[in-house]
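Dumped start-v2.pdb below, it's PDB, C-alpha atoms:
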```pdb
ATOM      1  CA  MET A   1      -0.029  20.865  11.942
ATOM      2  CA  ASP A   2      -0.717  17.947   9.634
ATOM      3  CA  LEU A   3      -0.495  14.269  10.547
ATOM      4  CA  LEU A   4       3.000  13.776   9.091
ATOM      5  CA  THR A   5       4.320  16.722  11.099
ATOM      6  CA  ALA A   6       2.753  15.387  14.293
ATOM      7  CA  GLU A   7       4.220  11.949  13.652
ATOM      8  CA  GLY A   8       7.587  13.570  12.980
ATOM      9  CA  LEU A   9       7.423  15.315  16.345
ATOM     10  CA  ALA A  10       6.624  12.024  18.075
ATOM     11  CA  ASP A  11       9.478  10.352  16.181
ATOM     12  CA  LEU A  12      11.827  13.151  17.217
ATOM     13  CA  LEU A  13      10.945  12.627  20.864
ATOM     14  CA  ASP A  14      11.490   8.868  20.526
ATOM     15  CA  ALA A  15      14.654   9.081  18.388
ATOM     16  CA  GLU A  16      17.611   7.120  19.697
ATOM     17  CA  THR A  17      20.125   7.730  16.917
ATOM     18  CA  GLN A  18      21.313  10.759  14.982
ATOM     19  CA  MET A  19      19.874   9.325  11.765
ATOM     20  CA  GLN A  20      16.448   8.945  13.388
ATOM     21  CA  ARG A  21      16.641  12.539  14.651
ATOM     22  CA  ARG A  22      17.548  13.869  11.201
ATOM     23  CA  ALA A  23      14.663  12.006   9.585
ATOM     24  CA  ALA A  24      12.246  13.233  12.252
ATOM     25  CA  VAL A  25      13.407  16.849  11.901
ATOM     26  CA  GLY A  26      12.827  16.607   8.148
ATOM     27  CA  GLN A  27       9.297  15.443   8.823
ATOM     28  CA  VAL A  28       8.662  18.248  11.315
ATOM     29  CA  GLU A  29       9.998  20.791   8.818
ATOM     30  CA  GLY A  30       7.493  19.565   6.243
ATOM     31  CA  ARG A  31       9.849  17.853   3.802
ATOM     32  CA  SER A  32       7.821  14.633   3.885
ATOM     33  CA  THR A  33       4.568  16.518   3.373
ATOM     34  CA  ALA A  34       5.981  18.254   0.287
ATOM     35  CA  VAL A  35       7.062  14.938  -1.220
ATOM     36  CA  TRP A  36       3.694  13.287  -0.603
ATOM     37  CA  GLU A  37       1.854  16.320  -1.994
ATOM     38  CA  ARG A  38       3.971  16.190  -5.176
ATOM     39  CA  TRP A  39       3.177  12.479  -5.612
ATOM     40  CA  ARG A  40      -0.501  13.183  -4.943
ATOM     41  CA  GLY A  41      -0.494  15.845  -7.660
ATOM     42  CA  GLU A  42       1.145  13.477 -10.143
ATOM     43  CA  LEU A  43      -1.448  10.783  -9.461
ATOM     44  CA  ILE A  44      -4.324  13.265  -9.777
ATOM     45  CA  LYS A  45      -2.952  14.205 -13.218
ATOM     46  CA  CYS A  46      -2.891  10.503 -14.166
ATOM     47  CA  LEU A  47      -6.484  10.111 -13.027
ATOM     48  CA  ALA A  48      -7.520  13.215 -14.981
ATOM     49  CA  ASN A  49      -5.976  11.782 -18.174
ATOM     50  CA  VAL A  50      -7.847   8.491 -17.761
ATOM     51  CA  GLU A  51     -11.119  10.284 -16.979
ATOM     52  CA  ALA A  52     -10.676  12.546 -20.016
ATOM     53  CA  PHE A  53     -10.179   9.487 -22.208
ATOM     54  CA  LEU A  54     -13.280   7.826 -20.743
ATOM     55  CA  ASP A  55     -15.367  10.963 -21.225
ATOM     56  CA  PHE A  56     -14.049  12.189 -24.577
ATOM     57  CA  GLY A  57     -12.108   9.314 -26.156
ATOM     58  CA  GLU A  58     -14.893   8.484 -28.599
ATOM     59  CA  ASP A  59     -14.858  12.053 -29.900
ATOM     60  CA  ASP A  60     -11.129  11.830 -30.695
ATOM     61  CA  GLU A  61     -10.552  14.868 -28.486
ATOM     62  CA  VAL A  62      -8.447  12.719 -26.213
ATOM     63  CA  GLY A  63      -6.531   9.828 -27.674
ATOM     64  CA  ALA A  64      -5.469   6.538 -26.158
ATOM     65  CA  GLU A  65      -2.037   8.063 -25.648
ATOM     66  CA  ALA A  66      -3.516   9.883 -22.638
ATOM     67  CA  VAL A  67      -4.083   6.501 -20.976
ATOM     68  CA  ASP A  68      -0.622   5.311 -21.983
ATOM     69  CA  GLU A  69       0.898   8.468 -20.514
ATOM     70  CA  ALA A  70      -1.146   8.036 -17.324
ATOM     71  CA  ARG A  71      -0.011   4.420 -16.999
ATOM     72  CA  SER A  72       3.631   5.349 -17.503
ATOM     73  CA  ASP A  73       3.466   8.289 -15.091
ATOM     74  CA  ALA A  74       1.656   6.213 -12.443
ATOM     75  CA  ARG A  75       4.278   3.456 -12.681
ATOM     76  CA  SER A  76       7.050   6.002 -12.343
ATOM     77  CA  CYS A  77       5.386   7.566  -9.314
ATOM     78  CA  LEU A  78       4.823   4.136  -7.751
ATOM     79  CA  ALA A  79       8.504   3.295  -8.201
ATOM     80  CA  ARG A  80       9.478   6.511  -6.398
ATOM     81  CA  VAL A  81       7.028   5.817  -3.555
ATOM     82  CA  ILE A  82       8.324   2.262  -3.134
ATOM     83  CA  GLY A  83      11.904   3.522  -3.228
ATOM     84  CA  ALA A  84      11.166   6.093  -0.529
ATOM     85  CA  VAL A  85       9.252   3.714   1.712
ATOM     86  CA  TRP A  86      11.709   0.832   1.468
ATOM     87  CA  CYS A  87      14.945   2.849   1.686
TER      88      CYS A  87
END
```

Could you render the structure from this file as C-alpha cells?
Amino acid sequence: MDLLTAEGLADLLDAETQMQRRAAVGQVEGRSTAVWERWRGELIKCLANVEAFLDFGEDDEVGAEAVDEARSDARSCLARVIGAVWC
C-alpha cells in the first residue's frame, strides 16, 4: 500500500459527503497513484531531454529543440497538476 492509498483510506473513514467518499474510493483504488505516476514519467522525460542537451548539445547530436520541447512539456504537465490540485 502506497502513501496515497493509505491517505485515501483515512479520507474514506473521515468522509462526510458522497463526493468525499467517491474521491477517497478513487484514491484507494489507485486512480490518484496512476495519475501522479504518469506526471512523474512526463517530467522525467523532460529532465532527460535537458540532460541530453547539456551532455551532447555541443556535438549537435541533440539540438536546442530538445530543451524547447522539455520546457513546453513541463509547462503542460504543470498546468495539469495545478488544475487537478485546485479543482

For A:Gly26, list every protein, DNA or RNA residue within 12 Å, evaluated using all atoms listed in the file, and leave out those in the same chain fewer than 3 positions away; present the list as a ChimeraX atom specification. /A:4-9,11-12,19-23,29-35

Expressed in Å to a single decimal, how great is the separation between atom CA of A:Arg40 and atom CA of A:Ala24?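 Separation between atom CA of A:Arg40 and atom CA of A:Ala24: 21.4 Å.
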
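Considering all atoms listed in the file, the residue among A:Val81, A:Val28, A:Leu54, A:Val62 positioned nearest to A:Ala10 is A:Val28.
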
Let me know the centre plus edge lengths, in Å and rounded to one decimal, of a box with edges along x, y and z that contains all listed atoms of stretch 72-76 of chain A and is padded by 6 Å on every side, as lines of an AutoDock Vina configuration file.
```
center_x = 4.4
center_y = 5.9
center_z = -14.9
size_x = 17.4
size_y = 16.8
size_z = 17.2
```

Using only C-alpha atoms, which residue out of A:Cys46, A:Glu16, A:Val25, A:Leu3 lies closest to A:Ser72?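 Nearest candidate to A:Ser72 out of A:Cys46, A:Glu16, A:Val25, A:Leu3: A:Cys46.
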
Atom CA of A:Ala66 and atom CA of A:Val50, how far apart in Å? 6.7 Å

From the list A:Arg38, A:Ile82, A:Leu47, A:Gly57, which residue is nearest A:Glu69 when using all atoms listed in the file? A:Leu47

Distance query A:Leu43 at most 12 Å, all atoms listed in the file, self and fewer than 6 positions along chain excluded, as a list in words: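 In the requested form, the answer reads Trp36, Glu37, Asn49, Val50, Glu69, Ala70, Arg71, Ser72, Asp73, Ala74, Arg75, Ser76, Cys77, Leu78 and Val81 of chain A.
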
Using Å and a single decimal, report how far atom CA of A:Glu42 sits from atom CA of A:Phe56.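 Distance reported for this atom pair: 21.0 Å.
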
Let me make sure I understand: among A:Glu51, A:Lys45, A:Trp39, A:Glu61, which one has the smallest atom-to-atom distance to A:Ala79 if we use all atoms listed in the file?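 Of the candidates, the smallest distance to A:Ala79 is held by A:Trp39.
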
Could you write stretch 1-12 of chain A as a PDB file, keeping the file's coordinate frame, with all heavy atoms rebuilt where they are missing?
```
ATOM      1  N   MET A   1      -0.974  21.964  11.964  1.00  0.00           N
ATOM      2  CA  MET A   1      -0.029  20.865  11.942  1.00  0.00           C
ATOM      3  C   MET A   1      -0.733  19.668  11.316  1.00  0.00           C
ATOM      4  O   MET A   1      -1.800  19.268  11.761  1.00  0.00           O
ATOM      5  CB  MET A   1       0.419  20.557  13.379  1.00  0.00           C
ATOM      6  CG  MET A   1       1.368  19.384  13.465  1.00  0.00           C
ATOM      7  SD  MET A   1       1.905  18.938  15.136  1.00  0.00           S
ATOM      8  CE  MET A   1       2.831  20.340  15.625  1.00  0.00           C
ATOM      9  N   ASP A   2      -0.128  19.119  10.272  1.00  0.00           N
ATOM     10  CA  ASP A   2      -0.717  17.947   9.634  1.00  0.00           C
ATOM     11  C   ASP A   2      -0.240  16.670  10.326  1.00  0.00           C
ATOM     12  O   ASP A   2       0.600  16.703  11.231  1.00  0.00           O
ATOM     13  CB  ASP A   2      -0.431  17.922   8.133  1.00  0.00           C
ATOM     14  CG  ASP A   2       1.047  17.779   7.791  1.00  0.00           C
ATOM     15  OD1 ASP A   2       1.846  17.443   8.678  1.00  0.00           O
ATOM     16  OD2 ASP A   2       1.393  17.992   6.623  1.00  0.00           O
ATOM     17  N   LEU A   3      -0.797  15.552   9.907  1.00  0.00           N
ATOM     18  CA  LEU A   3      -0.495  14.269  10.547  1.00  0.00           C
ATOM     19  C   LEU A   3       0.982  13.903  10.430  1.00  0.00           C
ATOM     20  O   LEU A   3       1.594  13.435  11.398  1.00  0.00           O
ATOM     21  CB  LEU A   3      -1.373  13.164   9.950  1.00  0.00           C
ATOM     22  CG  LEU A   3      -1.169  11.761  10.512  1.00  0.00           C
ATOM     23  CD1 LEU A   3      -1.455  11.741  12.007  1.00  0.00           C
ATOM     24  CD2 LEU A   3      -2.062  10.768   9.796  1.00  0.00           C
ATOM     25  N   LEU A   4       1.584  14.111   9.260  1.00  0.00           N
ATOM     26  CA  LEU A   4       3.000  13.776   9.091  1.00  0.00           C
ATOM     27  C   LEU A   4       3.890  14.607  10.013  1.00  0.00           C
ATOM     28  O   LEU A   4       4.877  14.105  10.568  1.00  0.00           O
ATOM     29  CB  LEU A   4       3.436  13.966   7.642  1.00  0.00           C
ATOM     30  CG  LEU A   4       2.983  12.896   6.660  1.00  0.00           C
ATOM     31  CD1 LEU A   4       3.364  13.285   5.239  1.00  0.00           C
ATOM     32  CD2 LEU A   4       3.570  11.557   7.009  1.00  0.00           C
ATOM     33  N   THR A   5       3.542  15.869  10.202  1.00  0.00           N
ATOM     34  CA  THR A   5       4.320  16.722  11.099  1.00  0.00           C
ATOM     35  C   THR A   5       4.187  16.243  12.534  1.00  0.00           C
ATOM     36  O   THR A   5       5.175  16.178  13.271  1.00  0.00           O
ATOM     37  CB  THR A   5       3.869  18.186  10.960  1.00  0.00           C
ATOM     38  OG1 THR A   5       4.002  18.588   9.597  1.00  0.00           O
ATOM     39  CG2 THR A   5       4.695  19.103  11.840  1.00  0.00           C
ATOM     40  N   ALA A   6       2.966  15.895  12.933  1.00  0.00           N
ATOM     41  CA  ALA A   6       2.753  15.387  14.293  1.00  0.00           C
ATOM     42  C   ALA A   6       3.504  14.080  14.512  1.00  0.00           C
ATOM     43  O   ALA A   6       4.121  13.876  15.566  1.00  0.00           O
ATOM     44  CB  ALA A   6       1.257  15.195  14.538  1.00  0.00           C
ATOM     45  N   GLU A   7       3.474  13.201  13.532  1.00  0.00           N
ATOM     46  CA  GLU A   7       4.220  11.949  13.652  1.00  0.00           C
ATOM     47  C   GLU A   7       5.718  12.217  13.700  1.00  0.00           C
ATOM     48  O   GLU A   7       6.456  11.536  14.430  1.00  0.00           O
ATOM     49  CB  GLU A   7       3.883  11.014  12.491  1.00  0.00           C
ATOM     50  CG  GLU A   7       2.508  10.406  12.593  1.00  0.00           C
ATOM     51  CD  GLU A   7       2.170   9.501  11.413  1.00  0.00           C
ATOM     52  OE1 GLU A   7       2.929   9.503  10.413  1.00  0.00           O
ATOM     53  OE2 GLU A   7       1.163   8.797  11.498  1.00  0.00           O
ATOM     54  N   GLY A   8       6.172  13.199  12.948  1.00  0.00           N
ATOM     55  CA  GLY A   8       7.587  13.570  12.980  1.00  0.00           C
ATOM     56  C   GLY A   8       8.003  14.064  14.354  1.00  0.00           C
ATOM     57  O   GLY A   8       9.088  13.734  14.842  1.00  0.00           O
ATOM     58  N   LEU A   9       7.136  14.837  14.994  1.00  0.00           N
ATOM     59  CA  LEU A   9       7.423  15.315  16.345  1.00  0.00           C
ATOM     60  C   LEU A   9       7.504  14.149  17.328  1.00  0.00           C
ATOM     61  O   LEU A   9       8.426  14.077  18.147  1.00  0.00           O
ATOM     62  CB  LEU A   9       6.357  16.319  16.777  1.00  0.00           C
ATOM     63  CG  LEU A   9       6.574  17.017  18.107  1.00  0.00           C
ATOM     64  CD1 LEU A   9       7.919  17.718  18.155  1.00  0.00           C
ATOM     65  CD2 LEU A   9       5.443  18.002  18.358  1.00  0.00           C
ATOM     66  N   ALA A  10       6.582  13.213  17.218  1.00  0.00           N
ATOM     67  CA  ALA A  10       6.624  12.024  18.075  1.00  0.00           C
ATOM     68  C   ALA A  10       7.887  11.215  17.809  1.00  0.00           C
ATOM     69  O   ALA A  10       8.546  10.746  18.754  1.00  0.00           O
ATOM     70  CB  ALA A  10       5.378  11.168  17.853  1.00  0.00           C
ATOM     71  N   ASP A  11       8.258  11.085  16.529  1.00  0.00           N
ATOM     72  CA  ASP A  11       9.478  10.352  16.181  1.00  0.00           C
ATOM     73  C   ASP A  11      10.711  11.054  16.729  1.00  0.00           C
ATOM     74  O   ASP A  11      11.665  10.404  17.165  1.00  0.00           O
ATOM     75  CB  ASP A  11       9.606  10.191  14.662  1.00  0.00           C
ATOM     76  CG  ASP A  11       8.573   9.236  14.077  1.00  0.00           C
ATOM     77  OD1 ASP A  11       7.953   8.480  14.857  1.00  0.00           O
ATOM     78  OD2 ASP A  11       8.396   9.256  12.840  1.00  0.00           O
ATOM     79  N   LEU A  12      10.695  12.385  16.696  1.00  0.00           N
ATOM     80  CA  LEU A  12      11.827  13.151  17.217  1.00  0.00           C
ATOM     81  C   LEU A  12      12.000  12.904  18.714  1.00  0.00           C
ATOM     82  O   LEU A  12      13.103  12.712  19.209  1.00  0.00           O
ATOM     83  CB  LEU A  12      11.636  14.638  16.929  1.00  0.00           C
ATOM     84  CG  LEU A  12      12.757  15.582  17.354  1.00  0.00           C
ATOM     85  CD1 LEU A  12      14.072  15.191  16.692  1.00  0.00           C
ATOM     86  CD2 LEU A  12      12.383  17.015  17.011  1.00  0.00           C
TER      87      LEU A  12
END
```
